[in-house]
Amino acid sequence: MESRRRAYLIGLPLVLLTVAAAFWLPTWWESRLYRQTEAIAGVGAKMLQGSLGDARRKIDPGMLSDKTVATIGRPSFSVHTEGTSTHDIWTYYYADGTMTVNLTDGVIQRIATDFHPPVIPKSKRPSR
């Protein structure tokens, strides 16, 4: 009888913990995935100081990535892929426009500008 009571006293908290985890873990995982998806989409990217025209004049195709960062700063948002070579897309948001820099193996290949106020995605998920 004593051993059965001890088993219940040990088993009950384990069952309660398992039930709590079954309800909490899926919600936590979904929130984690949502935050990662937002990061990939550039949600909440920062607006940089200065102007698009000034930043564009400071960089040219053929420039190395570390020199680019030293010259105009870190991008507001970036995407990186690896394979046989590395490819990066850096997006710089300024109040007067957006500059997109395409790099291959750490060297600028193309620079695109859009002289319209940027549309930076915002989170649509309610805070919990």
# chains A, B, ... in the order shown; residues from 1 in each chain; ligands from 1
$ residues_around --residues "range 49-51 of chain A" --least-positions-apart "2" --cutoff "8 Å" --atoms "only C-alpha atoms" --output "list of chain:residue names"
A:Met47, A:Gly53, A:Asp54, A:Ala55, A:Tyr94, A:Ala95, A:Asp96, A:Gly97
$ write_last_selection --atoms "C-alpha atoms" --output "PDB file, in the first residue's frame"
ATOM      1  CA  MET A  47      15.928  52.919 -41.040  1.00  0.00           C
ATOM      2  CA  GLY A  53      22.088  59.397 -52.870  1.00  0.00           C
ATOM      3  CA  ASP A  54      25.027  60.015 -50.525  1.00  0.00           C
ATOM      4  CA  ALA A  55      25.385  56.322 -49.717  1.00  0.00           C
ATOM      5  CA  TYR A  94      16.945  55.381 -45.914  1.00  0.00           C
ATOM      6  CA  ALA A  95      14.171  57.926 -45.430  1.00  0.00           C
ATOM      7  CA  ASP A  96      14.347  58.884 -49.122  1.00  0.00           C
ATOM      8  CA  GLY A  97      14.693  55.399 -50.624  1.00  0.00           C
TER       9      GLY A  97
END
$ closest_atom_pairs --of "range 52-103 of chain A" --to "range 110-116 of chain A" --cutoff "12 Å" --atoms "only C-alpha atoms" --output "tab-separated table"
residue	atom	partner	partner_atom	distance
A:Leu52	CA	A:Phe115	CA	7.6
A:Gly53	CA	A:Phe115	CA	8.7
A:Asp54	CA	A:Thr113	CA	11.8
A:Ala55	CA	A:Thr113	CA	10.4
A:Arg56	CA	A:Thr113	CA	8.1
A:Arg57	CA	A:Ile111	CA	10.9
A:Lys58	CA	A:Ile111	CA	11.6
A:Ile59	CA	A:Ile111	CA	8.8
A:Asp60	CA	A:Ile111	CA	7.7
A:Pro61	CA	A:Arg110	CA	6.0
A:Gly62	CA	A:Arg110	CA	8.8
A:Met63	CA	A:Arg110	CA	10.4
A:Thr68	CA	A:Ile111	CA	11.8
A:His87	CA	A:Arg110	CA	11.7
A:Asp88	CA	A:Arg110	CA	10.9
A:Ile89	CA	A:Arg110	CA	9.7
A:Trp90	CA	A:Ile111	CA	9.5
A:Thr91	CA	A:Ala112	CA	9.5
A:Tyr92	CA	A:Thr113	CA	9.5
A:Tyr93	CA	A:Asp114	CA	9.9
A:Tyr94	CA	A:Phe115	CA	9.3
A:Ala95	CA	A:His116	CA	8.4
A:Asp96	CA	A:His116	CA	5.9
A:Gly97	CA	A:Phe115	CA	4.3
A:Thr98	CA	A:Asp114	CA	5.2
A:Met99	CA	A:Thr113	CA	4.5
A:Thr100	CA	A:Ala112	CA	5.1
A:Val101	CA	A:Ile111	CA	4.6
A:Asn102	CA	A:Arg110	CA	5.2
A:Leu103	CA	A:Arg110	CA	7.2
$ select_by_dssp --residues "chain A" --states "strand (DSSP E)" --output "list in words"
Phe77, Ser78, Val79, His80, Thr81, His87, Asp88, Ile89, Trp90, Thr91, Tyr92, Tyr93, Tyr94, Gly97, Thr98, Met99, Thr100, Val101, Asn102, Leu103, Thr104, Val107, Ile108, Gln109, Arg110, Ile111, Ala112, Thr113 and Asp114 of chain A
$ write_last_selection --atoms "N, CA and C atoms" --output "mmCIF file, in the first residue's frame"
data_model
loop_
_atom_site.group_PDB
_atom_site.id
_atom_site.type_symbol
_atom_site.label_atom_id
_atom_site.label_comp_id
_atom_site.auth_asym_id
_atom_site.auth_seq_id
_atom_site.Cartn_x
_atom_site.Cartn_y
_atom_site.Cartn_z
ATOM 1 N N PHE A 77 18.941 45.079 -43.584
ATOM 2 C CA PHE A 77 18.436 43.717 -43.721
ATOM 3 C C PHE A 77 19.333 42.990 -44.704
ATOM 4 N N SER A 78 19.658 41.729 -44.422
ATOM 5 C CA SER A 78 20.518 40.988 -45.348
ATOM 6 C C SER A 78 20.093 39.531 -45.439
ATOM 7 N N VAL A 79 20.397 38.943 -46.595
ATOM 8 C CA VAL A 79 20.133 37.524 -46.852
ATOM 9 C C VAL A 79 21.433 36.921 -47.365
ATOM 10 N N HIS A 80 21.766 35.718 -46.906
ATOM 11 C CA HIS A 80 23.029 35.071 -47.274
ATOM 12 C C HIS A 80 22.754 33.632 -47.690
ATOM 13 N N THR A 81 23.353 33.201 -48.795
ATOM 14 C CA THR A 81 23.270 31.803 -49.210
ATOM 15 C C THR A 81 24.667 31.292 -49.493
ATOM 16 N N HIS A 87 26.471 34.107 -51.902
ATOM 17 C CA HIS A 87 25.691 35.207 -52.459
ATOM 18 C C HIS A 87 25.010 35.934 -51.304
ATOM 19 N N ASP A 88 25.053 37.229 -51.366
ATOM 20 C CA ASP A 88 24.414 38.060 -50.353
ATOM 21 C C ASP A 88 23.567 39.112 -51.037
ATOM 22 N N ILE A 89 22.471 39.445 -50.395
ATOM 23 C CA ILE A 89 21.659 40.583 -50.815
ATOM 24 C C ILE A 89 21.527 41.462 -49.583
ATOM 25 N N TRP A 90 22.066 42.652 -49.676
ATOM 26 C CA TRP A 90 22.005 43.612 -48.584
ATOM 27 C C TRP A 90 21.025 44.703 -48.960
ATOM 28 N N THR A 91 20.126 45.019 -48.046
ATOM 29 C CA THR A 91 19.150 46.071 -48.270
ATOM 30 C C THR A 91 19.383 47.182 -47.253
ATOM 31 N N TYR A 92 19.541 48.388 -47.770
ATOM 32 C CA TYR A 92 19.734 49.573 -46.942
ATOM 33 C C TYR A 92 18.490 50.440 -47.062
ATOM 34 N N TYR A 93 17.828 50.731 -45.929
ATOM 35 C CA TYR A 93 16.638 51.583 -45.922
ATOM 36 C C TYR A 93 17.028 52.982 -45.448
ATOM 37 N N TYR A 94 16.758 53.980 -46.271
ATOM 38 C CA TYR A 94 16.945 55.381 -45.914
ATOM 39 C C TYR A 94 15.595 56.067 -46.021
ATOM 40 N N GLY A 97 14.681 56.507 -49.677
ATOM 41 C CA GLY A 97 14.693 55.399 -50.624
ATOM 42 C C GLY A 97 15.362 54.147 -50.093
ATOM 43 N N THR A 98 15.463 53.163 -50.982
ATOM 44 C CA THR A 98 16.020 51.851 -50.648
ATOM 45 C C THR A 98 17.142 51.526 -51.618
ATOM 46 N N MET A 99 18.238 51.001 -51.081
ATOM 47 C CA MET A 99 19.345 50.559 -51.922
ATOM 48 C C MET A 99 19.547 49.072 -51.679
ATOM 49 N N THR A 100 19.610 48.304 -52.751
ATOM 50 C CA THR A 100 19.836 46.865 -52.681
ATOM 51 C C THR A 100 21.184 46.563 -53.315
ATOM 52 N N VAL A 101 22.042 45.888 -52.553
ATOM 53 C CA VAL A 101 23.394 45.566 -53.007
ATOM 54 C C VAL A 101 23.497 44.048 -53.132
ATOM 55 N N ASN A 102 23.828 43.559 -54.319
ATOM 56 C CA ASN A 102 24.025 42.123 -54.551
ATOM 57 C C ASN A 102 25.518 41.830 -54.549
ATOM 58 N N LEU A 103 25.919 40.857 -53.735
ATOM 59 C CA LEU A 103 27.326 40.483 -53.634
ATOM 60 C C LEU A 103 27.497 39.013 -53.979
ATOM 61 N N THR A 104 28.596 38.682 -54.617
ATOM 62 C CA THR A 104 28.985 37.298 -54.866
ATOM 63 C C THR A 104 30.403 37.140 -54.359
ATOM 64 N N VAL A 107 32.068 40.339 -53.015
ATOM 65 C CA VAL A 107 32.354 41.449 -53.929
ATOM 66 C C VAL A 107 31.027 41.960 -54.496
ATOM 67 N N ILE A 108 30.852 43.277 -54.491
ATOM 68 C CA ILE A 108 29.615 43.861 -55.023
ATOM 69 C C ILE A 108 29.534 43.594 -56.519
ATOM 70 N N GLN A 109 28.397 43.039 -56.940
ATOM 71 C CA GLN A 109 28.145 42.784 -58.354
ATOM 72 C C GLN A 109 27.179 43.813 -58.944
ATOM 73 N N ARG A 110 26.095 44.101 -58.215
ATOM 74 C CA ARG A 110 25.072 45.030 -58.693
ATOM 75 C C ARG A 110 24.587 45.891 -57.531
ATOM 76 N N ILE A 111 24.171 47.107 -57.880
ATOM 77 C CA ILE A 111 23.595 48.016 -56.899
ATOM 78 C C ILE A 111 22.317 48.580 -57.514
ATOM 79 N N ALA A 112 21.209 48.417 -56.818
ATOM 80 C CA ALA A 112 19.927 48.943 -57.295
ATOM 81 C C ALA A 112 19.422 49.992 -56.307
ATOM 82 N N THR A 113 18.817 51.040 -56.834
ATOM 83 C CA THR A 113 18.258 52.090 -55.980
ATOM 84 C C THR A 113 16.792 52.310 -56.324
ATOM 85 N N ASP A 114 16.031 52.684 -55.322
ATOM 86 C CA ASP A 114 14.623 53.022 -55.498
ATOM 87 C C ASP A 114 14.369 54.270 -54.656
#
$ select_by_dssp --residues "chain A" --states "helix (DSSP H, G or I)" --output "NGL selection string"
:A and (2-41 or 52-58 or 65-72)
$ write_last_selection --atoms "C-alpha atoms" --output "mmCIF file, in the first residue's frame"
data_model
loop_
_atom_site.group_PDB
_atom_site.id
_atom_site.type_symbol
_atom_site.label_atom_id
_atom_site.label_comp_id
_atom_site.auth_asym_id
_atom_site.auth_seq_id
_atom_site.Cartn_x
_atom_site.Cartn_y
_atom_site.Cartn_z
ATOM 1 C CA GLU A 2 2.846 2.381 0.905
ATOM 2 C CA SER A 3 4.633 1.753 -2.397
ATOM 3 C CA ARG A 4 1.436 2.383 -4.362
ATOM 4 C CA ARG A 5 0.932 5.718 -2.589
ATOM 5 C CA ARG A 6 4.546 6.687 -3.283
ATOM 6 C CA ALA A 7 4.060 5.835 -6.969
ATOM 7 C CA TYR A 8 1.003 8.101 -7.120
ATOM 8 C CA LEU A 9 2.851 10.952 -5.422
ATOM 9 C CA ILE A 10 5.696 10.661 -7.929
ATOM 10 C CA GLY A 11 3.492 9.955 -10.950
ATOM 11 C CA LEU A 12 0.976 12.766 -10.448
ATOM 12 C CA PRO A 13 3.500 15.629 -10.810
ATOM 13 C CA LEU A 14 5.006 13.881 -13.853
ATOM 14 C CA VAL A 15 1.590 13.589 -15.488
ATOM 15 C CA LEU A 16 0.800 17.247 -14.712
ATOM 16 C CA LEU A 17 4.159 18.323 -16.104
ATOM 17 C CA THR A 18 3.578 16.295 -19.274
ATOM 18 C CA VAL A 19 0.104 17.793 -19.774
ATOM 19 C CA ALA A 20 1.436 21.330 -19.218
ATOM 20 C CA ALA A 21 4.251 20.701 -21.728
ATOM 21 C CA ALA A 22 1.750 19.318 -24.260
ATOM 22 C CA PHE A 23 -0.159 22.611 -24.147
ATOM 23 C CA TRP A 24 2.790 25.010 -23.856
ATOM 24 C CA LEU A 25 5.374 23.535 -26.272
ATOM 25 C CA PRO A 26 3.314 23.818 -29.502
ATOM 26 C CA THR A 27 2.529 27.479 -28.764
ATOM 27 C CA TRP A 28 6.168 28.211 -27.981
ATOM 28 C CA TRP A 29 7.324 26.435 -31.153
ATOM 29 C CA GLU A 30 4.824 28.295 -33.327
ATOM 30 C CA SER A 31 5.940 31.647 -31.888
ATOM 31 C CA ARG A 32 9.572 30.723 -32.490
ATOM 32 C CA LEU A 33 8.888 29.818 -36.122
ATOM 33 C CA TYR A 34 6.866 32.995 -36.612
ATOM 34 C CA ARG A 35 9.725 35.164 -35.291
ATOM 35 C CA GLN A 36 12.167 33.368 -37.615
ATOM 36 C CA THR A 37 9.850 33.914 -40.592
ATOM 37 C CA GLU A 38 9.554 37.595 -39.734
ATOM 38 C CA ALA A 39 13.346 37.877 -39.581
ATOM 39 C CA ILE A 40 13.632 36.324 -43.044
ATOM 40 C CA ALA A 41 11.059 38.802 -44.371
ATOM 41 C CA LEU A 52 20.287 57.166 -50.372
ATOM 42 C CA GLY A 53 22.088 59.397 -52.870
ATOM 43 C CA ASP A 54 25.027 60.015 -50.525
ATOM 44 C CA ALA A 55 25.385 56.322 -49.717
ATOM 45 C CA ARG A 56 25.185 55.317 -53.387
ATOM 46 C CA ARG A 57 27.972 57.719 -54.339
ATOM 47 C CA LYS A 58 30.297 56.068 -51.804
ATOM 48 C CA SER A 65 32.061 43.637 -48.536
ATOM 49 C CA ASP A 66 34.221 44.648 -45.563
ATOM 50 C CA LYS A 67 35.108 47.958 -47.239
ATOM 51 C CA THR A 68 31.428 48.516 -48.023
ATOM 52 C CA VAL A 69 30.462 48.012 -44.372
ATOM 53 C CA ALA A 70 33.267 50.366 -43.296
ATOM 54 C CA THR A 71 32.094 52.984 -45.820
ATOM 55 C CA ILE A 72 28.299 53.029 -45.423
#
$ residues_around --residues "Ala45 in chain A" --least-positions-apart "2" --cutoff "6 Å" --atoms "only C-alpha atoms" --output "tab-separated table (two decimals) with C-alpha atoms, in the first residue's frame"
chain	number	residue	atom	x	y	z
A	42	GLY	CA	12.88	41.80	-42.86
A	43	VAL	CA	10.16	42.72	-40.38
A	76	SER	CA	19.19	47.23	-42.55
A	77	PHE	CA	18.44	43.72	-43.72
$ atom_distance --atom1 "CA of Leu64 in chain A" --atom2 "CA of Thr86 in chain A"
13.1 Å
$ atom_distance --atom1 "CA of Gly73 in chain A" --atom2 "CA of Leu48 in chain A"
9.0 Å
